[in-house]
file query.cif (mmCIF, C-alpha atoms)
data_final
#
loop_
_atom_site.label_atom_id
_atom_site.label_comp_id
_atom_site.auth_asym_id
_atom_site.auth_seq_id
_atom_site.Cartn_x
_atom_site.Cartn_y
_atom_site.Cartn_z
CA MET A 1 0.00 0.00 0.00
CA ARG A 2 1.15 3.55 -0.72
CA ASN A 3 -0.20 4.98 2.52
CA HIS A 4 1.61 4.01 5.71
CA ALA A 5 0.17 4.06 9.23
CA PRO A 6 -2.96 5.99 8.17
CA ILE A 7 -5.38 7.50 10.67
CA PHE A 8 -9.11 6.99 10.14
CA LEU A 9 -11.61 9.21 11.93
CA ASN A 10 -15.02 7.60 12.39
CA CYS A 11 -17.55 10.31 13.15
CA PHE A 12 -21.12 11.51 12.90
CA SER A 13 -21.78 14.27 10.44
CA ARG A 14 -22.50 17.40 12.53
CA GLY A 15 -20.77 15.65 15.40
CA GLY A 16 -17.61 17.74 15.65
CA SER A 17 -15.67 15.83 13.00
CA ASN A 18 -14.08 18.95 11.52
CA ILE A 19 -12.61 19.91 14.88
CA LEU A 20 -11.08 16.45 15.24
CA TRP A 21 -9.81 16.55 11.65
CA ASN A 22 -8.23 19.96 12.26
CA LEU A 23 -6.42 18.69 15.35
CA PHE A 24 -4.70 16.10 13.18
CA ILE A 25 -3.92 18.17 10.10
CA THR A 26 -2.36 20.68 12.48
CA HIS A 27 0.49 18.18 12.86
CA PRO A 28 3.23 18.62 10.22
CA ASP A 29 3.59 14.86 9.72
CA VAL A 30 -0.07 14.41 8.78
CA CYS A 31 -1.93 15.37 5.59
CA SER A 32 -5.54 14.84 4.56
CA PRO A 33 -7.01 13.91 1.17
CA GLN A 34 -8.77 17.31 1.19
CA ARG A 35 -12.16 15.59 0.94
CA GLU A 36 -14.15 13.27 3.14
CA THR A 37 -13.90 9.64 2.04
CA LEU A 38 -17.54 9.60 0.96
CA GLU A 39 -16.91 12.60 -1.31
CA ILE A 40 -13.97 10.90 -3.03
CA PHE A 41 -15.96 7.73 -3.70
CA ARG A 42 -19.49 9.14 -4.01
CA THR A 43 -21.92 7.27 -6.27
CA HIS A 44 -25.22 9.05 -5.52
CA PRO A 45 -26.48 10.13 -8.97
CA LEU A 46 -27.84 13.45 -7.69
CA LYS A 47 -24.88 14.46 -5.51
CA ASN A 48 -21.89 14.92 -7.79
CA PRO A 49 -20.97 11.25 -8.25
CA LYS A 50 -17.33 10.40 -8.84
CA LEU A 51 -15.85 7.98 -11.36
CA ALA A 52 -13.64 6.65 -8.57
CA GLY A 53 -16.79 5.73 -6.66
CA TYR A 54 -18.17 3.63 -9.50
CA GLN A 55 -14.77 2.01 -10.03
CA ALA A 56 -14.56 1.10 -6.34
CA VAL A 57 -18.09 -0.32 -6.46
CA ILE A 58 -17.26 -2.51 -9.45
CA LEU A 59 -13.99 -3.73 -7.99
CA SER A 60 -15.47 -4.41 -4.55
CA ARG A 61 -18.77 -5.81 -5.86
CA GLN A 62 -20.62 -3.78 -3.21
CA TRP A 63 -22.89 -0.96 -4.36
CA GLY A 64 -23.29 0.66 -0.94
CA LEU A 65 -19.63 0.46 0.06
CA PHE A 66 -19.22 4.24 0.53
CA ASP A 67 -22.87 5.12 1.19
CA GLN A 68 -23.07 7.09 4.45
CA TRP A 69 -26.65 5.94 5.04
CA ASN A 70 -25.79 2.26 4.62
CA LEU A 71 -25.58 1.01 8.20
CA LYS A 72 -24.82 -2.60 7.33
CA GLU A 73 -21.62 -4.55 7.76
CA ARG A 74 -19.40 -4.46 4.67
CA LYS A 75 -17.98 -7.63 3.17
CA PRO A 76 -14.22 -8.05 2.68
CA ILE A 77 -13.07 -6.62 -0.64
CA PRO A 78 -10.67 -8.09 -3.23
CA LYS A 79 -7.03 -7.03 -3.38
CA ALA A 80 -7.65 -5.11 -6.61
CA ALA A 81 -10.25 -2.96 -4.83
CA GLN A 82 -7.91 -2.38 -1.90
CA LEU A 83 -5.09 -1.22 -4.16
CA PHE A 84 -7.41 1.09 -6.09
CA ILE A 85 -8.83 2.71 -2.94
CA ASP A 86 -5.34 3.13 -1.48
CA LYS A 87 -4.12 4.72 -4.73
CA LYS A 88 -6.99 7.22 -4.82
CA LEU A 89 -6.55 8.23 -1.19
CA TYR A 90 -2.84 8.73 -1.83
CA GLU A 91 -3.46 10.81 -4.96
CA TYR A 92 -5.91 13.04 -3.11
CA LYS A 93 -3.42 13.44 -0.27
CA LEU A 94 -0.87 14.76 -2.76
CA THR A 95 -3.18 17.68 -3.58
CA THR A 96 -2.02 19.14 -0.26
CA PHE A 97 1.13 20.29 -2.07
CA SER A 98 -0.79 22.62 -4.41
CA ASP A 99 -3.72 23.62 -2.20
CA PRO A 100 -3.53 27.36 -1.37
CA GLU A 101 -4.39 26.76 2.30
CA MET A 102 -3.23 23.24 3.09
CA LYS A 103 0.21 23.56 1.50
CA TYR A 104 1.42 25.16 4.73
CA LYS A 105 3.22 22.83 7.13
CA TYR A 106 3.56 25.65 9.64
CA GLU A 107 2.35 29.21 9.55
CA GLY A 108 4.39 30.75 6.72
CA GLU A 109 6.26 27.52 5.87
CA VAL A 110 5.14 25.27 3.01
CA TYR A 111 5.54 21.53 2.56
CA THR A 112 7.96 20.06 0.07
CA LEU A 113 6.50 17.46 -2.28
CA GLU A 114 8.56 14.76 -0.59
CA GLU A 115 7.17 15.73 2.83
CA VAL A 116 3.62 15.39 1.54
CA GLN A 117 4.43 12.04 -0.06
CA GLN A 118 5.89 10.74 3.21
CA SER A 119 3.17 12.17 5.44
CA ARG A 120 0.59 10.04 7.18
CA LEU A 121 -2.90 10.13 5.76
CA VAL A 122 -5.79 11.19 7.99
CA ALA A 123 -9.17 10.36 6.45
CA LYS A 124 -12.64 11.20 7.72
CA ASN A 125 -15.28 8.47 7.54
CA ASN A 126 -18.67 9.83 8.54
CA ASN A 127 -21.86 7.99 9.47
CA GLY A 128 -22.18 4.65 7.64
CA LEU A 129 -18.55 4.72 6.57
CA THR A 130 -17.82 3.76 10.18
CA PHE A 131 -18.61 0.24 8.99
CA LEU A 132 -15.55 0.29 6.71
CA SER A 133 -13.09 -0.07 9.60
CA PRO A 134 -12.55 -3.85 9.24
CA ILE A 135 -11.77 -3.34 5.54
CA PHE A 136 -9.27 -0.59 6.29
CA GLN A 137 -7.76 -2.69 9.07
CA ASP A 138 -7.22 -5.48 6.57
CA MET A 139 -5.65 -3.02 4.11
CA TYR A 140 -3.50 -1.28 6.70
CA PRO A 141 -2.50 -3.41 9.71
CA ASP A 142 -0.65 -0.34 11.05
CA ALA A 143 -3.72 1.93 10.91
CA THR A 144 -5.17 3.81 13.87
CA PHE A 145 -8.90 4.37 14.22
CA ILE A 146 -10.37 7.22 16.25
CA ALA A 147 -14.13 7.17 16.82
CA LEU A 148 -15.59 10.54 17.78
CA VAL A 149 -18.92 10.49 19.59
CA ARG A 150 -21.06 13.39 20.66
CA HIS A 151 -24.08 13.51 22.93
CA PRO A 152 -27.11 12.66 20.77
CA PHE A 153 -29.18 15.68 21.80
CA ALA A 154 -26.83 18.09 20.02
CA ILE A 155 -26.52 15.98 16.87
CA TYR A 156 -30.27 15.44 16.66
CA GLU A 157 -30.93 19.18 16.95
CA SER A 158 -28.63 19.74 13.98
CA TYR A 159 -30.28 16.97 11.94
CA LYS A 160 -33.74 18.21 12.84
CA ARG A 161 -32.92 21.81 11.89
CA ARG A 162 -31.53 20.68 8.53
CA LYS A 163 -34.40 18.22 7.97
CA ILE A 164 -31.95 15.33 7.66
CA MET A 165 -34.16 13.16 9.86
CA SER A 166 -37.86 13.45 10.53
CA SER A 167 -38.16 12.27 14.13
CA ALA A 168 -36.30 11.62 17.36
CA ASP A 169 -37.20 7.94 17.00
CA GLN A 170 -35.57 7.69 13.56
CA PHE A 171 -32.47 9.50 14.76
CA ALA A 172 -32.11 7.41 17.93
CA ARG A 173 -32.07 4.17 15.94
CA PHE A 174 -29.47 5.66 13.58
CA TYR A 175 -27.30 6.83 16.49
CA ARG A 176 -27.60 3.52 18.31
CA LYS A 177 -26.54 1.56 15.23
CA ILE A 178 -23.41 3.64 14.63
CA THR A 179 -22.30 3.87 18.26
CA GLY A 180 -22.89 0.15 18.61
CA LYS A 181 -20.49 -0.44 15.73
CA MET A 182 -17.94 1.92 17.27
CA LEU A 183 -18.09 0.13 20.62
CA PHE A 184 -17.84 -3.28 18.97
CA ASP A 185 -14.82 -2.32 16.87
CA ALA A 186 -13.13 -0.71 19.88
CA GLU A 187 -13.25 -4.14 21.51
CA ASN A 188 -12.22 -6.13 18.45
CA LEU A 189 -9.78 -4.07 16.37
CA PRO A 190 -6.20 -3.69 17.67
CA ASN A 191 -5.75 0.09 17.52
CA TYR A 192 -9.25 1.54 17.80
CA HIS A 193 -10.03 4.31 20.29
CA VAL A 194 -13.15 6.25 21.25
CA ILE A 195 -13.15 9.89 22.34
CA THR A 196 -16.05 12.22 23.07
CA PHE A 197 -16.57 15.62 21.52
CA GLU A 198 -17.34 16.95 24.99
CA SER A 199 -13.96 15.87 26.36
CA ILE A 200 -12.26 17.81 23.56
CA LEU A 201 -14.30 20.90 24.41
CA LYS A 202 -13.64 20.59 28.13
CA GLU A 203 -9.90 19.89 28.04
CA PRO A 204 -8.59 20.50 24.51
CA GLN A 205 -4.92 20.37 25.50
CA HIS A 206 -5.34 17.03 27.26
CA ALA A 207 -7.41 15.69 24.35
CA LEU A 208 -4.70 16.68 21.88
CA GLU A 209 -2.06 14.92 23.98
CA THR A 210 -4.23 11.79 24.13
CA LEU A 211 -4.95 11.76 20.40
CA TYR A 212 -1.28 12.14 19.52
CA LYS A 213 -0.30 9.44 22.00
CA TRP A 214 -2.76 7.02 20.39
CA THR A 215 -1.41 7.82 16.93
CA HIS A 216 2.29 8.05 17.88
CA LEU A 217 2.66 11.69 16.85
CA GLU A 218 5.09 14.04 18.56
CA LEU A 219 3.27 16.92 20.24
CA SER A 220 6.52 18.90 20.37
CA LYS A 221 6.35 19.36 16.59
CA VAL A 222 3.14 21.40 16.88
CA LYS A 223 3.77 25.13 17.14
CA LYS A 224 0.21 26.37 16.57
CA LEU A 225 -3.22 24.88 15.93
CA ARG A 226 -4.64 25.18 12.42
CA PHE A 227 -8.42 25.53 12.18
CA LYS A 228 -10.76 26.01 9.26
CA ALA A 229 -13.57 28.35 10.30
CA LYS A 230 -17.09 26.93 10.03
CA GLY A 231 -20.44 28.34 10.98
CA HIS A 232 -22.18 27.01 14.07
CA LEU A 233 -25.33 27.68 16.08
CA GLN A 234 -25.15 30.91 18.07
CA PRO A 235 -26.92 31.55 21.42
CA ASP A 236 -29.57 33.65 19.64
CA GLY A 237 -30.42 30.82 17.25
CA THR A 238 -28.59 32.22 14.23
CA HIS A 239 -25.93 30.26 12.38
CA GLY A 240 -22.54 31.81 11.71
CA SER A 241 -19.02 32.58 12.92
CA SER A 242 -16.98 35.58 13.98
CA PHE A 243 -14.33 34.38 11.52
CA GLU A 244 -14.45 34.22 7.73
CA ILE A 245 -16.09 30.86 7.02
CA GLY A 246 -13.89 28.52 4.99
CA LYS A 247 -10.65 30.33 5.78
CA HIS A 248 -7.84 28.67 7.75
CA TYR A 249 -6.44 30.31 10.89
CA TRP A 250 -3.48 29.54 13.13
CA PHE A 251 -3.90 29.77 16.92
CA GLU A 252 -1.67 29.39 19.94
CA LEU A 253 -2.55 26.20 21.81
CA ASP A 254 -4.07 28.13 24.71
CA ARG A 255 -6.41 30.11 22.41
CA ILE A 256 -8.49 27.23 21.08
CA TYR A 257 -11.67 28.72 22.54
CA ASP A 258 -11.27 31.64 20.15
CA ILE A 259 -12.74 29.40 17.47
CA ILE A 260 -14.54 26.68 19.46
CA ASP A 261 -17.62 27.59 21.49
CA PRO A 262 -17.52 25.46 24.67
CA GLN A 263 -21.26 26.03 25.17
CA ILE A 264 -22.35 24.80 21.73
CA ASN A 265 -24.02 21.62 23.07
CA GLN A 266 -26.09 23.63 25.52
CA HIS A 267 -27.24 26.01 22.77
CA GLN A 268 -28.47 23.09 20.71
CA THR A 269 -29.93 20.93 23.46
CA SER A 270 -32.10 23.82 24.69
CA ARG A 271 -33.96 23.75 21.38
CA LEU A 272 -35.31 20.21 21.88
CA SER A 273 -38.54 19.28 23.62
CA ASP A 274 -38.61 17.06 26.70
CA ALA A 275 -40.51 14.45 24.68
CA GLU A 276 -37.76 14.31 22.06
CA LYS A 277 -35.09 13.94 24.73
CA GLN A 278 -36.98 11.14 26.45
CA THR A 279 -37.42 9.25 23.19
CA ILE A 280 -33.70 9.43 22.50
CA LEU A 281 -32.75 8.34 26.02
CA ARG A 282 -35.23 5.46 25.97
CA LEU A 283 -33.89 4.03 22.72
CA ILE A 284 -30.14 4.48 23.21
CA GLY A 285 -29.64 4.64 26.96
CA ASP A 286 -27.40 1.56 27.17
CA ASN A 287 -25.04 2.88 24.51
CA LEU A 288 -24.86 6.26 26.23
CA THR A 289 -23.81 4.61 29.46
CA ALA A 290 -21.15 2.59 27.65
CA LEU A 291 -19.83 5.81 26.11
CA GLY A 292 -19.61 7.49 29.51
CA TYR A 293 -22.60 9.81 29.18
CA THR A 294 -25.39 10.41 31.67
CA ALA A 295 -28.91 11.55 30.87
CA ASP A 296 -28.20 15.19 31.63
CA ASN A 297 -24.63 15.80 30.44
CA GLY A 298 -25.40 16.69 26.84
#
call {"tool": "encode", "arguments": {"input": "query.cif", "output": "structure tokens"}}
result
Amino acid sequence: MRNHAPIFLNCFSRGGSNILWNLFITHPDVCSPQRETLEIFRTHPLKNPKLAGYQAVILSRQWGLFDQWNLKERKPIPKAAQLFIDKKLYEYKLTTFSDPEMKYKYEGEVYTLEEVQQSRLVAKNNNGLTFLSPIFQDMYPDATFIALVRHPFAIYESYKRRKIMSSADQFARFYRKITGKMLFDAENLPNYHVITFESILKEPQHALETLYKWTHLELSKVKKLRFKAKGHLQPDGTHGSSFEIGKHYWFELDRIYDIIDPQINQHQTSRLSDAEKQTILRLIGDNLTALGYTADNG
């Protein structure tokens, strides 16, 4: 395989995945493929499908391989499919060298092509792509998997506001299925770790140290944190940011709260009804306990 010791982030969409991704691409030894995995291999006919997606489907003989709403176990894929997927992820990683924002290894210092080639890949696998972990483990025995979970109240509020899901019941079953897979793989794959979004918000420095320890990255190489500004729910119910959305910024490690709102979960949870919260807790309570949550810490 062209990629060595890759890092795969298994996350919920709207679950804080961009913050986790930014913590890794901050490190000079790590580069991303610039796109989420589902975007690179997308096959949905109405959502900018990619030729690479159709090629991967044909080689793997699995139509829903990279479908984020496919919450079923994936079958092992042939070697030809593995090599093709690895090649595409590597090629996308190389775009770091020419990207106007991501070409910077440090603030004001750009990567060389060789540094990008030798860097470790960090890929983001959202929602149903969490079920790809056994395939990636087979492809990359030296891979590290980081599962990011977030309290369901906050994620459901985001899905409800965007009309991604129609009810708390539908969302709870979706959340339970994905977190169940995360917990199972954490027990059965050799280098699979689970971290909560809330722990990153509460103690970002400690979280960064933990993440780098799991992935064998040297914290001493990080001079500043690199973050891409995104809009998020404000206390008044509007959606936005005090920074220019889409632009990358560099921050001192102790200024992470300049771009991350530590109260974001509370803003979102307050917009749900008690009935919605009770439905979610009733359907996924066991998984929440296993993840370290209580009924009221969302």
call {"tool": "residues_around", "arguments": {"input": "query.cif", "residues": "Glu198 of chain A", "least_positions_apart": "2", "cutoff": "9 Å", "atoms": "all atoms listed in the file", "output": "list of chain:residue names"}}
result
A:Val149, A:Arg150, A:His151, A:Ile195, A:Thr196, A:Ile200, A:Leu201, A:Lys202, A:Glu203, A:Pro262, A:Asn265, A:Gly298
call {"tool": "resolve_selection", "arguments": {"input": "query.cif", "expression": "the PyMOL selection byres ((chain A and resi 158) around 12)", "output": "ChimeraX atom specification"}}
result
/A:12-16,150-157,159-166,168,171,232-233,237,239,264-265,267-272
call {"tool": "atom_distance", "arguments": {"input": "query.cif", "atom1": "atom CA of Leu71 of chain A", "atom2": "atom CA of Ile7 of chain A"}}
result
21.4 Å
call {"tool": "resolve_selection", "arguments": {"input": "query.cif", "expression": "the PyMOL selection byres ((chain A and resi 81) around 12)", "output": "number ranges by chain"}}
result
A: 1, 52-62, 65, 76-80, 82-88, 135-136, 139
call {"tool": "closest_residue", "arguments": {"input": "query.cif", "among": "A:Ser17, A:Thr96, A:Gln266, A:Thr279", "to": "Glu114 of chain A", "atoms": "all atoms listed in the file"}}
result
A:Thr96
call {"tool": "closest_atom_pairs", "arguments": {"input": "query.cif", "of": "segment 68-150 of chain A", "to": "segment 209-218 of chain A", "cutoff": "9 Å", "atoms": "all atoms listed in the file", "output": "CSV"}}
result
residue,atom,partner,partner_atom,distance
A:Ala143,CA,A:Thr215,CA,8.7
A:Thr144,CA,A:Thr215,CA,6.3
A:Phe145,CA,A:Thr215,CA,8.7
A:Ile146,CA,A:Leu211,CA,8.2
call {"tool": "closest_atom_pairs", "arguments": {"input": "query.cif", "of": "segment 30-109 of chain A", "to": "segment 115-128 of chain A", "cutoff": "10 Å", "atoms": "only C-alpha atoms", "output": "JSON lines"}}
result
{"residue": "A:Val30", "atom": "CA", "partner": "A:Arg120", "partner_atom": "CA", "distance": 4.7}
{"residue": "A:Cys31", "atom": "CA", "partner": "A:Leu121", "partner_atom": "CA", "distance": 5.3}
{"residue": "A:Ser32", "atom": "CA", "partner": "A:Val122", "partner_atom": "CA", "distance": 5.0}
{"residue": "A:Pro33", "atom": "CA", "partner": "A:Ala123", "partner_atom": "CA", "distance": 6.7}
{"residue": "A:Gln34", "atom": "CA", "partner": "A:Ala123", "partner_atom": "CA", "distance": 8.7}
{"residue": "A:Arg35", "atom": "CA", "partner": "A:Lys124", "partner_atom": "CA", "distance": 8.1}
{"residue": "A:Glu36", "atom": "CA", "partner": "A:Lys124", "partner_atom": "CA", "distance": 5.2}
{"residue": "A:Thr37", "atom": "CA", "partner": "A:Asn125", "partner_atom": "CA", "distance": 5.8}
{"residue": "A:Leu38", "atom": "CA", "partner": "A:Asn125", "partner_atom": "CA", "distance": 7.0}
{"residue": "A:Glu39", "atom": "CA", "partner": "A:Asn125", "partner_atom": "CA", "distance": 9.9}
{"residue": "A:Gly64", "atom": "CA", "partner": "A:Gly128", "partner_atom": "CA", "distance": 9.5}
{"residue": "A:Leu65", "atom": "CA", "partner": "A:Gly128", "partner_atom": "CA", "distance": 9.0}
{"residue": "A:Phe66", "atom": "CA", "partner": "A:Gly128", "partner_atom": "CA", "distance": 7.7}
{"residue": "A:Asp67", "atom": "CA", "partner": "A:Gly128", "partner_atom": "CA", "distance": 6.5}
{"residue": "A:Gln68", "atom": "CA", "partner": "A:Gly128", "partner_atom": "CA", "distance": 4.1}
{"residue": "A:Trp69", "atom": "CA", "partner": "A:Gly128", "partner_atom": "CA", "distance": 5.3}
{"residue": "A:Asn70", "atom": "CA", "partner": "A:Gly128", "partner_atom": "CA", "distance": 5.3}
{"residue": "A:Leu71", "atom": "CA", "partner": "A:Gly128", "partner_atom": "CA", "distance": 5.0}
{"residue": "A:Lys72", "atom": "CA", "partner": "A:Gly128", "partner_atom": "CA", "distance": 7.7}
{"residue": "A:Glu73", "atom": "CA", "partner": "A:Gly128", "partner_atom": "CA", "distance": 9.2}
{"residue": "A:Arg74", "atom": "CA", "partner": "A:Gly128", "partner_atom": "CA", "distance": 10.0}
{"residue": "A:Leu89", "atom": "CA", "partner": "A:Leu121", "partner_atom": "CA", "distance": 8.1}
{"residue": "A:Tyr90", "atom": "CA", "partner": "A:Leu121", "partner_atom": "CA", "distance": 7.7}
{"residue": "A:Glu91", "atom": "CA", "partner": "A:Gln117", "partner_atom": "CA", "distance": 9.4}
{"residue": "A:Tyr92", "atom": "CA", "partner": "A:Leu121", "partner_atom": "CA", "distance": 9.8}
{"residue": "A:Lys93", "atom": "CA", "partner": "A:Leu121", "partner_atom": "CA", "distance": 6.9}
{"residue": "A:Leu94", "atom": "CA", "partner": "A:Val116", "partner_atom": "CA", "distance": 6.2}
{"residue": "A:Thr95", "atom": "CA", "partner": "A:Val116", "partner_atom": "CA", "distance": 8.8}
{"residue": "A:Thr96", "atom": "CA", "partner": "A:Val116", "partner_atom": "CA", "distance": 7.0}
{"residue": "A:Phe97", "atom": "CA", "partner": "A:Val116", "partner_atom": "CA", "distance": 6.6}
{"residue": "A:Lys103", "atom": "CA", "partner": "A:Val116", "partner_atom": "CA", "distance": 8.9}
{"residue": "A:Lys105", "atom": "CA", "partner": "A:Glu115", "partner_atom": "CA", "distance": 9.2}
call {"tool": "axis_aligned_box", "arguments": {"input": "query.cif", "around": "segment 35-46 of chain A", "padding_each_side": "4 Å", "output": "AutoDock Vina command-line options"}}
result
--center_x -20.0 --center_y 11.4 --center_z -2.9 --size_x 23.7 --size_y 16.3 --size_z 20.1
